[in-house]
>>> print(open('final_1.cif').read())   # mmCIF, C-alpha atoms (C1' of nucleotides)
data_start
#
loop_
_atom_site.label_atom_id
_atom_site.label_comp_id
_atom_site.auth_asym_id
_atom_site.auth_seq_id
_atom_site.Cartn_x
_atom_site.Cartn_y
_atom_site.Cartn_z
CA MET A 26 -68.48 -19.79 -141.07
CA ALA A 27 -70.82 -17.00 -140.09
CA THR A 28 -71.10 -14.30 -142.70
CA ALA A 29 -72.53 -10.87 -141.95
CA THR A 30 -75.90 -10.99 -143.65
CA VAL A 31 -77.70 -7.71 -144.15
CA THR A 32 -81.36 -8.58 -144.14
CA ARG A 33 -83.94 -6.44 -145.87
CA LYS A 34 -85.04 -5.22 -142.47
CA ASP A 35 -81.49 -4.13 -141.66
CA GLN A 36 -81.32 -2.40 -145.00
CA ILE A 37 -84.53 -0.52 -144.24
CA THR A 38 -83.24 0.58 -140.83
CA ILE A 39 -79.89 1.71 -142.18
CA THR A 40 -81.47 3.60 -145.08
CA ALA A 41 -84.03 5.21 -142.78
CA ARG A 42 -81.32 6.38 -140.38
CA ASN A 43 -79.56 8.07 -143.25
CA LEU A 44 -82.67 9.67 -144.74
CA PHE A 45 -84.03 10.84 -141.38
CA ARG A 46 -80.68 12.39 -140.61
CA GLU A 47 -80.41 14.12 -143.98
CA LYS A 48 -83.96 15.41 -144.34
CA GLY A 49 -85.49 14.99 -140.92
CA TYR A 50 -88.09 12.43 -139.78
CA LYS A 51 -91.14 14.46 -140.74
CA SER A 52 -89.80 15.34 -144.17
CA THR A 53 -88.97 11.76 -145.07
CA SER A 54 -91.94 9.83 -146.42
CA MET A 55 -92.29 6.09 -146.46
CA ARG A 56 -92.31 6.42 -150.23
CA ASP A 57 -88.90 8.14 -150.11
CA LEU A 58 -87.63 5.31 -147.97
CA ALA A 59 -89.11 2.61 -150.18
CA GLN A 60 -87.57 4.14 -153.27
CA CYS A 61 -84.10 4.21 -151.71
CA VAL A 62 -84.48 0.60 -150.65
CA GLY A 63 -85.75 -0.34 -154.10
CA ILE A 64 -89.20 -1.69 -153.27
CA GLU A 65 -92.77 -0.36 -153.22
CA ALA A 66 -93.93 1.71 -150.26
CA ALA A 67 -96.55 -0.82 -149.25
CA SER A 68 -93.90 -3.53 -149.10
CA LEU A 69 -92.13 -1.78 -146.26
CA TYR A 70 -94.95 -2.87 -144.00
CA SER A 71 -93.94 -6.50 -144.39
CA HIS A 72 -90.82 -5.63 -142.42
CA VAL A 73 -91.80 -2.79 -140.11
CA LYS A 74 -95.01 -2.06 -138.26
CA SER A 75 -94.99 1.69 -138.77
CA LYS A 76 -92.87 4.70 -139.52
CA GLU A 77 -92.62 5.49 -135.84
CA GLU A 78 -91.40 2.01 -135.02
CA ILE A 79 -88.34 2.77 -137.12
CA LEU A 80 -87.78 6.01 -135.21
CA GLN A 81 -88.10 4.17 -131.92
CA LYS A 82 -85.53 1.59 -132.93
CA ILE A 83 -83.09 4.33 -133.87
CA CYS A 84 -83.59 6.43 -130.73
CA PHE A 85 -83.57 3.61 -128.19
CA GLY A 86 -80.80 1.74 -129.97
CA LEU A 87 -78.53 4.70 -129.38
CA ALA A 88 -79.89 5.39 -125.90
CA ASP A 89 -78.94 1.84 -124.93
CA LYS A 90 -75.40 2.45 -126.10
CA PHE A 91 -75.14 5.61 -124.04
CA MET A 92 -76.50 3.79 -120.99
CA ALA A 93 -73.96 1.00 -121.44
CA SER A 94 -71.10 3.46 -121.65
CA MET A 95 -72.42 5.17 -118.51
CA GLN A 96 -72.42 1.91 -116.61
CA ASP A 97 -68.91 1.23 -117.77
CA ALA A 98 -67.70 4.63 -116.51
CA GLN A 99 -69.67 4.26 -113.30
CA SER A 100 -67.92 1.01 -112.45
CA LYS A 101 -64.48 2.60 -112.40
CA ASN A 102 -62.91 3.45 -109.09
CA TRP A 103 -61.40 6.76 -110.11
CA THR A 104 -61.47 10.44 -109.15
CA ALA A 105 -64.31 12.53 -110.53
CA ASP A 106 -62.21 14.34 -113.11
CA LYS A 107 -60.71 11.14 -114.46
CA LYS A 108 -64.10 9.45 -114.59
CA LEU A 109 -65.50 12.46 -116.40
CA ALA A 110 -62.75 12.39 -119.00
CA TYR A 111 -63.45 8.71 -119.54
CA ALA A 112 -67.20 9.21 -119.84
CA ILE A 113 -66.65 11.98 -122.38
CA GLU A 114 -64.38 9.73 -124.39
CA LYS A 115 -66.94 6.93 -124.36
CA HIS A 116 -69.78 9.25 -125.31
CA ILE A 117 -67.87 10.63 -128.28
CA ASP A 118 -67.01 7.10 -129.28
CA VAL A 119 -70.71 6.29 -129.54
CA VAL A 120 -71.48 9.45 -131.51
CA VAL A 121 -68.63 9.06 -133.97
CA ASN A 122 -69.47 5.43 -134.64
CA ASN A 123 -73.19 6.15 -135.09
CA LEU A 124 -73.25 9.41 -137.01
CA ASP A 125 -76.65 9.03 -138.68
CA ALA A 126 -78.35 7.69 -135.57
CA SER A 127 -76.88 10.54 -133.53
CA GLY A 128 -78.38 13.13 -135.81
CA VAL A 129 -81.80 11.51 -135.63
CA PHE A 130 -81.48 11.02 -131.88
CA ILE A 131 -80.83 14.71 -131.33
CA HIS A 132 -83.33 16.19 -133.77
CA ASP A 133 -86.25 13.82 -133.91
CA TRP A 134 -86.83 12.30 -130.47
CA LYS A 135 -89.60 14.88 -130.12
CA HIS A 136 -91.67 12.94 -132.63
CA LEU A 137 -91.86 9.87 -130.43
CA SER A 138 -95.36 9.34 -129.09
CA GLU A 139 -96.29 8.10 -125.64
CA PRO A 140 -95.24 6.02 -123.84
CA SER A 141 -91.95 6.03 -125.74
CA LEU A 142 -91.54 9.75 -125.28
CA THR A 143 -91.65 9.56 -121.49
CA LYS A 144 -89.34 6.57 -121.44
CA PHE A 145 -86.88 8.40 -123.65
CA LYS A 146 -86.87 11.48 -121.46
CA GLN A 147 -86.32 9.37 -118.37
CA MET A 148 -83.29 7.67 -119.85
CA ARG A 149 -81.88 10.99 -120.91
CA SER A 150 -82.37 12.45 -117.43
CA LYS A 151 -80.61 9.52 -115.87
CA TYR A 152 -77.68 9.95 -118.20
CA GLU A 153 -77.50 13.70 -117.66
CA ASN A 154 -77.66 13.30 -113.90
CA PHE A 155 -74.73 10.93 -114.01
CA PHE A 156 -72.59 13.64 -115.60
CA ILE A 157 -73.96 16.35 -113.32
CA GLY A 158 -73.08 14.16 -110.31
CA LEU A 159 -69.52 13.82 -111.53
CA VAL A 160 -69.11 17.56 -112.01
CA GLN A 161 -70.64 18.24 -108.60
CA GLN A 162 -68.34 15.70 -107.03
CA GLY A 163 -65.36 17.42 -108.63
CA ILE A 164 -66.53 20.72 -107.20
CA ASP A 165 -67.03 19.25 -103.73
CA GLU A 166 -63.55 17.78 -103.84
CA LYS A 167 -62.21 21.20 -104.80
CA ARG A 168 -60.94 19.88 -108.11
CA PHE A 169 -63.18 22.19 -110.13
CA ARG A 170 -64.26 25.79 -109.84
CA ASN A 171 -67.58 26.41 -108.17
CA VAL A 172 -69.80 26.46 -111.26
CA ASN A 173 -73.45 25.57 -111.78
CA ALA A 174 -72.97 21.84 -112.45
CA LYS A 175 -76.11 21.47 -114.53
CA PHE A 176 -75.27 24.39 -116.75
CA ALA A 177 -71.74 23.09 -117.26
CA VAL A 178 -73.04 19.66 -118.25
CA MET A 179 -75.57 21.11 -120.68
CA THR A 180 -72.74 23.01 -122.29
CA LEU A 181 -70.72 19.83 -122.52
CA PHE A 182 -73.57 17.80 -123.98
CA ASN A 183 -74.32 20.32 -126.66
CA SER A 184 -70.71 20.28 -127.71
CA MET A 185 -70.51 16.50 -127.71
CA ASN A 186 -73.78 15.81 -129.42
CA TRP A 187 -73.16 18.06 -132.36
CA ILE A 188 -69.90 16.40 -133.24
CA TYR A 189 -71.90 14.26 -135.67
CA ASP A 190 -72.56 17.45 -137.62
CA HIS A 191 -68.98 18.41 -138.34
CA TYR A 192 -67.15 15.13 -137.96
CA LYS A 193 -65.69 13.75 -141.16
CA PRO A 194 -64.38 10.19 -140.88
CA ASN A 195 -61.45 11.08 -143.11
CA GLY A 196 -61.10 14.68 -141.99
CA LYS A 197 -58.25 16.54 -140.31
CA MET A 198 -59.08 15.53 -136.77
CA LYS A 199 -59.07 11.91 -135.76
CA GLN A 200 -61.59 10.63 -133.25
CA SER A 201 -58.93 10.40 -130.55
CA GLU A 202 -57.98 14.03 -131.12
CA ILE A 203 -61.58 15.16 -130.86
CA SER A 204 -62.04 13.22 -127.63
CA SER A 205 -58.91 14.49 -126.00
CA GLU A 206 -59.34 18.05 -127.25
CA LEU A 207 -62.93 18.29 -126.12
CA SER A 208 -62.35 16.82 -122.69
CA LEU A 209 -59.30 19.05 -122.25
CA LEU A 210 -61.28 22.10 -123.31
CA PHE A 211 -64.02 21.25 -120.85
CA LEU A 212 -61.92 20.07 -117.90
CA ASN A 213 -59.52 22.96 -118.36
CA GLY A 214 -62.53 25.27 -118.40
CA LEU A 215 -63.63 23.84 -115.07
CA SER A 216 -60.17 23.91 -113.49
CA LYS A 217 -59.29 26.30 -110.73
CA ASN A 218 -55.76 27.65 -111.18
CA MET B 10 -98.94 59.40 -128.90
CA ALA B 11 -97.61 56.31 -130.65
CA THR B 12 -98.89 53.08 -129.19
CA ALA B 13 -97.29 49.71 -129.93
CA THR B 14 -99.80 48.17 -132.30
CA VAL B 15 -99.55 44.46 -132.92
CA THR B 16 -100.89 43.97 -136.39
CA ARG B 17 -102.45 40.71 -137.49
CA LYS B 18 -99.32 40.06 -139.52
CA ASP B 19 -97.17 40.50 -136.39
CA GLN B 20 -99.48 38.17 -134.54
CA ILE B 21 -99.09 35.54 -137.24
CA THR B 22 -95.31 35.83 -137.15
CA ILE B 23 -95.12 35.64 -133.37
CA THR B 24 -97.50 32.68 -133.21
CA ALA B 25 -95.65 30.89 -136.00
CA ARG B 26 -92.31 31.37 -134.23
CA ASN B 27 -93.75 29.76 -131.15
CA LEU B 28 -95.43 26.86 -132.95
CA PHE B 29 -92.43 26.14 -135.18
CA ARG B 30 -90.21 26.08 -132.12
CA GLU B 31 -92.53 23.80 -130.15
CA LYS B 32 -93.46 21.30 -132.87
CA GLY B 33 -91.00 21.99 -135.66
CA TYR B 34 -91.63 23.65 -139.01
CA LYS B 35 -92.67 20.52 -140.87
CA SER B 36 -95.03 19.37 -138.12
CA THR B 37 -96.84 22.67 -137.94
CA SER B 38 -99.59 23.06 -140.51
CA MET B 39 -101.05 26.33 -141.72
CA ARG B 40 -104.30 25.10 -140.18
CA ASP B 41 -102.58 24.78 -136.78
CA LEU B 42 -101.28 28.29 -137.17
CA ALA B 43 -104.63 29.70 -138.28
CA GLN B 44 -106.40 28.11 -135.33
CA CYS B 45 -103.97 29.63 -132.83
CA VAL B 46 -104.40 33.03 -134.46
CA GLY B 47 -108.17 32.60 -134.50
CA ILE B 48 -108.90 32.81 -138.21
CA GLU B 49 -109.45 30.38 -141.08
CA ALA B 50 -106.42 28.80 -142.77
CA ALA B 51 -107.18 30.43 -146.10
CA SER B 52 -107.22 33.85 -144.44
CA LEU B 53 -103.55 33.56 -143.53
CA TYR B 54 -102.75 34.12 -147.19
CA SER B 55 -104.07 37.65 -147.02
CA HIS B 56 -101.09 38.42 -144.78
CA VAL B 57 -98.34 36.08 -145.86
CA LYS B 58 -97.37 34.73 -149.25
CA SER B 59 -96.52 31.23 -148.15
CA LYS B 60 -95.50 29.05 -145.24
CA GLU B 61 -91.90 29.30 -146.26
CA GLU B 62 -92.02 33.08 -146.33
CA ILE B 63 -92.72 32.94 -142.60
CA LEU B 64 -89.73 30.66 -142.08
CA GLN B 65 -87.54 33.01 -144.08
CA LYS B 66 -88.58 36.01 -142.01
CA ILE B 67 -87.74 34.15 -138.81
CA CYS B 68 -84.38 32.83 -139.97
CA PHE B 69 -83.10 36.00 -141.63
CA GLY B 70 -84.51 38.23 -138.93
CA LEU B 71 -82.28 36.49 -136.43
CA ALA B 72 -79.35 36.23 -138.82
CA ASP B 73 -79.45 40.01 -139.21
CA LYS B 74 -79.23 40.41 -135.45
CA PHE B 75 -76.22 38.12 -135.29
CA MET B 76 -74.54 40.04 -138.11
CA ALA B 77 -75.17 43.35 -136.35
CA SER B 78 -73.63 42.06 -133.13
CA MET B 79 -70.66 40.80 -135.13
CA GLN B 80 -70.09 44.22 -136.66
CA ASP B 81 -70.33 45.78 -133.24
CA ALA B 82 -67.68 43.42 -131.85
CA GLN B 83 -65.53 43.86 -134.94
CA SER B 84 -65.39 47.62 -134.49
CA LYS B 85 -63.79 47.38 -131.06
CA ASN B 86 -60.09 47.97 -130.77
CA TRP B 87 -59.38 45.25 -128.23
CA THR B 88 -57.25 42.17 -127.80
CA ALA B 89 -58.59 38.91 -129.27
CA ASP B 90 -59.62 37.39 -125.96
CA LYS B 91 -61.51 40.50 -124.87
CA LYS B 92 -63.22 40.81 -128.24
CA LEU B 93 -64.19 37.15 -128.05
CA ALA B 94 -65.70 37.55 -124.61
CA TYR B 95 -67.68 40.51 -125.90
CA ALA B 96 -68.87 38.67 -129.02
CA ILE B 97 -70.00 35.74 -126.85
CA GLU B 98 -71.92 38.09 -124.60
CA LYS B 99 -73.62 39.74 -127.56
CA HIS B 100 -74.50 36.41 -129.15
CA ILE B 101 -76.08 35.12 -125.96
CA ASP B 102 -77.95 38.37 -125.66
CA VAL B 103 -79.57 37.75 -129.05
CA VAL B 104 -80.44 34.14 -128.19
CA VAL B 105 -81.92 34.89 -124.79
CA ASN B 106 -84.03 37.73 -126.15
CA ASN B 107 -85.27 35.66 -129.10
CA LEU B 108 -85.87 32.22 -127.64
CA ASP B 109 -88.49 31.00 -130.10
CA ALA B 110 -86.70 32.37 -133.13
CA SER B 111 -83.44 30.79 -131.94
CA GLY B 112 -85.02 27.36 -131.78
CA VAL B 113 -86.43 27.69 -135.29
CA PHE B 114 -83.17 29.13 -136.57
CA ILE B 115 -81.19 26.16 -135.31
CA HIS B 116 -83.57 23.36 -136.24
CA ASP B 117 -85.40 24.45 -139.34
CA TRP B 118 -83.05 26.45 -141.56
CA LYS B 119 -82.64 23.21 -143.54
CA HIS B 120 -86.16 23.65 -144.87
CA LEU B 121 -85.36 26.90 -146.64
CA SER B 122 -85.37 26.47 -150.42
CA GLU B 123 -83.00 28.09 -152.87
CA PRO B 124 -81.84 30.79 -153.15
CA SER B 125 -82.56 31.46 -149.47
CA LEU B 126 -80.72 28.34 -148.38
CA THR B 127 -77.45 29.39 -150.00
CA LYS B 128 -77.77 32.93 -148.69
CA PHE B 129 -78.35 31.59 -145.20
CA LYS B 130 -75.33 29.32 -145.30
CA GLN B 131 -73.17 32.17 -146.52
CA MET B 132 -74.18 34.43 -143.65
CA ARG B 133 -73.55 31.65 -141.21
CA SER B 134 -70.09 30.99 -142.65
CA LYS B 135 -69.21 34.65 -142.40
CA TYR B 136 -70.27 34.71 -138.78
CA GLU B 137 -68.42 31.51 -137.93
CA ASN B 138 -65.28 32.72 -139.64
CA PHE B 139 -65.32 35.87 -137.56
CA PHE B 140 -65.17 33.77 -134.40
CA ILE B 141 -62.59 31.40 -135.85
CA GLY B 142 -60.44 34.39 -136.76
CA LEU B 143 -60.56 35.68 -133.20
CA VAL B 144 -59.57 32.32 -131.75
CA GLN B 145 -56.75 31.98 -134.28
CA GLN B 146 -55.56 35.48 -133.46
CA GLY B 147 -55.50 34.58 -129.78
CA ILE B 148 -53.42 31.52 -130.58
CA ASP B 149 -51.00 33.51 -132.73
CA GLU B 150 -50.60 36.05 -129.93
CA LYS B 151 -49.86 33.18 -127.54
CA ARG B 152 -52.89 34.05 -125.44
CA PHE B 153 -54.53 30.67 -126.08
CA ARG B 154 -53.32 27.12 -126.30
CA ASN B 155 -52.60 25.79 -129.75
CA VAL B 156 -56.00 24.21 -130.52
CA ASN B 157 -57.84 23.60 -133.78
CA ALA B 158 -59.60 26.97 -134.00
CA LYS B 159 -62.50 25.72 -136.07
CA PHE B 160 -63.20 22.83 -133.75
CA ALA B 161 -63.07 25.13 -130.72
CA VAL B 162 -65.53 27.54 -132.32
CA MET B 163 -67.94 24.75 -133.27
CA THR B 164 -67.84 23.65 -129.66
CA LEU B 165 -68.57 27.18 -128.52
CA PHE B 166 -71.43 27.65 -131.00
CA ASN B 167 -73.14 24.46 -130.00
CA SER B 168 -73.03 25.53 -126.38
CA MET B 169 -74.30 29.01 -127.12
CA ASN B 170 -77.02 28.07 -129.53
CA TRP B 171 -78.66 25.55 -127.28
CA ILE B 172 -79.06 27.98 -124.44
CA TYR B 173 -82.56 28.64 -125.78
CA ASP B 174 -83.37 25.06 -124.86
CA HIS B 175 -82.61 25.26 -121.16
CA TYR B 176 -82.89 28.97 -120.47
CA LYS B 177 -85.79 29.94 -118.24
CA PRO B 178 -86.41 33.70 -118.04
CA ASN B 179 -87.19 33.37 -114.34
CA GLY B 180 -84.84 30.50 -113.61
CA LYS B 181 -81.86 30.24 -111.30
CA MET B 182 -79.32 31.71 -113.65
CA LYS B 183 -79.68 35.23 -114.92
CA GLN B 184 -78.65 36.11 -118.45
CA SER B 185 -75.54 37.90 -117.19
CA GLU B 186 -74.49 34.82 -115.25
CA ILE B 187 -74.94 32.60 -118.29
CA SER B 188 -72.89 34.96 -120.42
CA SER B 189 -70.06 35.30 -117.96
CA GLU B 190 -70.06 31.63 -117.00
CA LEU B 191 -70.02 30.43 -120.58
CA SER B 192 -67.32 32.80 -121.76
CA LEU B 193 -65.24 31.96 -118.67
CA LEU B 194 -65.69 28.23 -119.29
CA PHE B 195 -64.61 28.63 -122.89
CA LEU B 196 -61.80 31.16 -122.47
CA ASN B 197 -60.49 29.28 -119.46
CA GLY B 198 -60.58 26.13 -121.55
CA LEU B 199 -58.47 27.82 -124.19
CA SER B 200 -56.05 29.41 -121.73
CA LYS B 201 -52.51 28.29 -121.25
CA ASN B 202 -53.04 28.70 -117.48
"C1'" DC C 22 -111.44 37.61 -143.75
"C1'" DC C 23 -114.75 33.69 -145.25
"C1'" DT C 24 -116.74 29.56 -147.95
"C1'" DA C 25 -115.74 26.28 -151.03
"C1'" DC C 26 -112.59 23.70 -153.07
"C1'" DC C 27 -108.09 21.95 -155.78
"C1'" DG C 28 -104.45 18.50 -156.74
"C1'" DA C 29 -100.84 16.30 -154.30
"C1'" DT C 30 -99.21 13.57 -150.90
"C1'" DC C 31 -99.32 11.28 -146.58
"C1'" DG C 32 -99.23 6.69 -143.50
"C1'" DG C 33 -101.21 2.63 -143.90
"C1'" DT C 34 -104.43 -1.68 -145.30
"C1'" DA C 35 -106.62 -5.55 -148.16
"C1'" DG C 36 -105.81 -9.22 -150.69
"C1'" DG C 37 -103.12 -11.86 -153.18
"C1'" DC D 30 -93.20 -8.19 -152.23
"C1'" DC D 31 -96.83 -6.19 -155.56
"C1'" DT D 32 -101.28 -3.84 -157.26
"C1'" DA D 33 -104.87 -1.26 -155.96
"C1'" DC D 34 -106.69 1.68 -152.99
"C1'" DC D 35 -108.37 4.13 -148.37
"C1'" DG D 36 -109.41 8.36 -145.58
"C1'" DA D 37 -106.94 12.19 -143.84
"C1'" DT D 38 -104.39 16.05 -144.36
"C1'" DC D 39 -101.37 19.13 -146.69
"C1'" DG D 40 -100.22 24.07 -148.86
"C1'" DG D 41 -102.56 26.97 -151.48
"C1'" DT D 42 -106.25 29.39 -154.84
"C1'" DA D 43 -110.78 31.43 -156.62
"C1'" DG D 44 -114.06 34.44 -155.84
"C1'" DG D 45 -116.40 37.18 -153.12
#
>>> encode(input="final_1.cif", output="structure tokens")
Amino acid sequence: MATATVTRKDQITITARNLFREKGYKSTSMRDLAQCVGIEAASLYSHVKSKEEILQKICFGLADKFMASMQDAQSKNWTADKKLAYAIEKHIDVVVNNLDASGVFIHDWKHLSEPSLTKFKQMRSKYENFFIGLVQQGIDEKRFRNVNAKFAVMTLFNSMNWIYDHYKPNGKMKQSEISSELSLLFLNGLSKN
Amino acid sequence: MATATVTRKDQITITARNLFREKGYKSTSMRDLAQCVGIEAASLYSHVKSKEEILQKICFGLADKFMASMQDAQSKNWTADKKLAYAIEKHIDVVVNNLDASGVFIHDWKHLSEPSLTKFKQMRSKYENFFIGLVQQGIDEKRFRNVNAKFAVMTLFNSMNWIYDHYKPNGKMKQSEISSELSLLFLNGLSKN
DNA sequence: CCTACCGATCGGTAGG
DNA sequence: CCTACCGATCGGTAGG
């Protein structure tokens, strides 16, 4: 029977995600990380190549999840507004189930060095353009008001991405409520009537 | 005749705002700052007490502007929805006219130490509660749908605060368009249609 | 506003 | 995974 084994490397990644999110990447030292893991700082380098490698794993790990959810939404044969609601739901699902990584993703991607930085920006653009395309399609089909699609999507993203900051797993609002409320707020905001 | 004199201290503050926004507070060294100003690092301390003092000036300088716009909106004898639209417009006005400071405000307030940190959080709470109160009032008066007022305001704030990130002074959208589009998007989203 | 310098801390390596 | 240690850089001070 396969048991879920948390290797030391996993433990380092998980701890780093939490520390980076709490204090920020630049303010977290490898010595902080080592202490939380319970080993000496130098020992970290038996498991990771560098501090930035950890950041890369966190940022691209989440980026991959967003890309997968995009492809899922893309494959559906629905109207633009329905697809958009679905994509919002999927995005929030990723954020809520990766709270620490989401915080790091949003705040610390800037500290990636080349060529990771360029790759990261490209993935983000691709993802943003998918949403912008859906909004534009909704406008063309006269489902939405005639807004600036890019501006609307930026507004949406900022709302979605910061959920990690005020979401409490055992709080008043359940994940499903947040999803439905946010997509309603946004789609209603775009609606014509 | 009074001429606008930019003192060295002003120059340090302005340069710091820009560097902190571009690279982050923690990633900007006093040596970086000194070089951009054109003096030696040690000379900075003739004009400022510490690195954190600069951060405090930036954060509380902007917080004061937000508080002033809140008091302005509060003094109006209008309905909740109209007051909210006005408060949104005023908030965006502060952000757009303080782009660098807004970026620092949003990203780096965490690096304030006590007692500044507590004071900052208190001001922010007061400001947030003002907006939450307006949304709740709109709900009570049956002007808005019955949403979670706090969640709606967090959504609004995240949209408004990140304008600094994609606003281009000479871009497609003028400030007035951003204001009206964002408040329409939000108020329309809250409306019962 | 500068030169000269401080103690602390950083990411990371050597060698076992 | 540890001890021992590296060169670089940090915020900041002394003294002029």
>>> atom_distance(input="final_1.cif", atom1="atom CA of A:Lys115", atom2="atom CA of B:Asn155")
24.3 Å
>>> closest_atom_pairs(input="final_1.cif", of="stretch 127-149 of chain B", to="stretch 165-176 of chain B", cutoff="12 Å", atoms="only C-alpha atoms", output="JSON lines")
{"residue": "B:Arg133", "atom": "CA", "partner": "B:Phe166", "partner_atom": "CA", "distance": 11.2}
{"residue": "B:Tyr136", "atom": "CA", "partner": "B:Phe166", "partner_atom": "CA", "distance": 10.6}
{"residue": "B:Glu137", "atom": "CA", "partner": "B:Phe166", "partner_atom": "CA", "distance": 8.5}
{"residue": "B:Asn138", "atom": "CA", "partner": "B:Phe166", "partner_atom": "CA", "distance": 11.8}
{"residue": "B:Phe140", "atom": "CA", "partner": "B:Phe166", "partner_atom": "CA", "distance": 9.4}
{"residue": "B:Ile141", "atom": "CA", "partner": "B:Leu165", "partner_atom": "CA", "distance": 10.4}
{"residue": "B:Val144", "atom": "CA", "partner": "B:Leu165", "partner_atom": "CA", "distance": 10.9}
>>> closest_residue(input="final_1.cif", among="A:Val120, A:Ala59, A:Met179, A:Ala29", to="chain D", atoms="all atoms listed in the file")
A:Ala59
>>> interface_residues(input="final_1.cif", of="chain C", to="chain A", cutoff="12 Å", atoms="only C-alpha atoms (C1' of nucleotides)", output="list in words")
DT30, DC31, DG32, DG33, DT34 and DA35 of chain C
>>> resolve_selection(input="final_1.cif", expression="the PyMOL selection byres ((chain B) within 10 of (chain A))", output="PyMOL selection string")
chain B and resi 31-36+116-117+119-120+154+156-157+160-161+163-172+174-176+181-182+186-187+190-202
>>> resolve_selection(input="final_1.cif", expression="the PyMOL selection byres ((chain C and resi 22-27) around 8)", output="number ranges by chain")
B: 48-49, 52; C: 28; D: 42
>>> residues_near_point(input="final_1.cif", point="(-63.1, 8.1, -110.7)", cutoff="12 Å", atoms="only C-alpha atoms (C1' of nucleotides)", output="ChimeraX atom specification")
/A:97-112,158-160,162-163,166
>>> atom_distance(input="final_1.cif", atom1="atom CA of B:Glu61", atom2="atom CA of B:Arg26")
12.2 Å
>>> axis_aligned_box(input="final_1.cif", around="stretch 78-90 of chain A", padding_each_side="8 Å", output="lines of an AutoDock Vina configuration file")
center_x = -83.4
center_y = 4.0
center_z = -131.0
size_x = 32.0
size_y = 20.8
size_z = 28.2
>>> atom_distance(input="final_1.cif", atom1="atom CA of A:Val129", atom2="atom CA of A:Thr40")
12.3 Å
>>> residues_near_point(input="final_1.cif", point="(-88.5, -4.5, -136.3)", cutoff="10 Å", atoms="only C-alpha atoms (C1' of nucleotides)", output="count of residues only")
13
